[in-house]
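Enquirer: Have a look at this one.
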Amino acid sequence: MATKKFMYVNRRAPYGTIYAWEALEVVLIGAAFEQDVSLAFVDDGVFQLMKGQDTSGIDMKNFSPTYSALGDYEVTKIYVEKESLEERGLTLDDLQHLVWEDEDDDWAEKDSIRLVSRAELAEVFAGQDVMFNF
Amino acid sequence: MSILHIVNKSPYERNSVERAVEYLRDGDRLLLIEDAVYAVIRGGKAASLIDGRNAAVLGPDLAARGIAEEKMIDGIEVVDYAGFVDLVEACDKTQSWL
């Protein structure tokens with residue numbers, strides 16, 4: 001089976017609805033099929049990646065540590081839309097530092113997050129084969 | 001007759017925070033819970049909606065979303081679940097902006 005380019009578009013905040021968690025589950029399942037997977041975080045989706053999440057007070061599972069495991073599943077392209085971050089008073093420093101290890105470069109640790117403009121992300125979307133929306 | 005206005009939707013996805021603030025009268029209180037807590041982030045567009053409105057915000061929902069105290073605008077009262085109950089008790093009725 002030829003490899004396809006899968007793009008998962010995340011536009012919802014975590015916890016208030018189940019979309020963020022469900023997206024993560026689908027991404028991990030999809031990654032097992034060795035497709036070329038990318039994730040995009042747009043609008044309230046950028047809140048999913050905020051660091052320091054502690055759900056002990058709301059009786060829900062904190063699934064945010066799972067994002068740091070994506071690199072192990074060869075999910076190494078995580079696009080964050082700059083305009084969405086800025087509108088919400090956030091910078092990259094407010095997000096988790098996500099990395100992957102490049103086996104073709106002596107397992108060098110590389111950043112997974114790519115901060116892109118809306119226009120740049122539209123270009124990335126254009127190059128995909130399949131879009132998944134959450 | 002005071003009203004506790006409760007909002008649980010993100011100010012960036014719905015107009016619930018904005019509308020609740022417009023309905024605030026003297027003696028009323030505004031309480032942000034669940035995804036509405038994103039309104040307190042300093043530098044965010046939504047912060048201006050609630051600035052100076054004596055808003056309360058539910059602490060456990062802030063923590064779940066990784067919003068540290070230093071990320072918040074000034075003048076926000078952080079309450080726990082007991083404080084939530086106190087606010088309900090202190091107001092004559094509640095209005096939830098779903």
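Each chain of the structure tokens is named A, B, ... in the order shown, its residues numbered from 1; ligands are numbered from 1 in display order.
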Identify, on the basis of only C-alpha atoms, every residue whose closest approach to Ile67 in chain B does not exceed 9 Å; exclude the query and any residue fewer than 5 positions from it along the same chain; express the result as a list in words.
Expert: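 The residues satisfying every condition are Met50, Lys51, Gly52 and Gln53 of chain A; Val37, Tyr38, Val40, Ile41, Asp61, Leu62 and Met72 of chain B.
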Enquirer: Which polymer residues have any atom within 12 Å of an atom of Thr66 in chain A, counting only C-alpha atoms, with same-chain residues fewer than 3 positions away left out, as number ranges by chain?
Expert: A: 20-21, 23-25, 27-28, 48-49, 51, 53, 61-63, 69-73, 75, 96, 98
Enquirer: Tell me as a ChimeraX atom specification which residues belonging to chain B come within 10 Å of chain A, counting only C-alpha atoms.
Expert: /B:8-13,33-36,38-47,59-68,71,80-81
Enquirer: DSSP on the backbone, alpha helix (DSSP H) only: what residues of range 52-133 of chain A does that give? Format it as a list in words.
Expert: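 Matching residues for alpha helix (DSSP H) in range 52-133 of chain A are Lys82, Glu83, Ser84, Leu85, Glu86, Glu87, Arg118, Ala119, Glu120, Leu121, Ala122, Glu123, Val124, Phe125 and Ala126 of chain A.
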Enquirer: Enumerate, as a PyMOL selection string, the complete set of residues in chain A that a backbone-based DSSP assignment places in strand (DSSP E or B).
Expert: chain A and resi 5-10+36-41+50+77-81+88+95+99-102+108-111+113-116+130-133
Enquirer: So how many Å separate CA of Ser2 in chain B and CA of Gly52 in chain B, to one decimal?
Expert: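 Separating CA of Ser2 in chain B from CA of Gly52 in chain B is a distance of 18.1 Å.
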Enquirer: Using only C-alpha atoms, which protein or nucleic acid residues come within 6 Å of Val57 in chain B? Drop anything in the same chain fewer than 3 positions from it, and give the result as a list in words.
Expert: Leu31, Leu32 and Val78 of chain B
Enquirer: Quick one: residues within 9 Å of range 109-111 of chain A, only C-alpha atoms, excluding same-chain residues fewer than 3 positions away - as a list of chain:residue names?
Expert: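 Using only C-alpha atoms, the neighbours found are A:Thr76, A:Lys77, A:His97, A:Leu98, A:Val99, A:Trp100, A:Glu101, A:Asp102, A:Asp105, A:Arg114.
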Enquirer: Excluding same-chain residues fewer than 2 positions from Val130 in chain A, what lies within 9 Å of it counting only C-alpha atoms, as an MDAnalysis selection string?
Expert: chainID A and resid 4:8 128 132
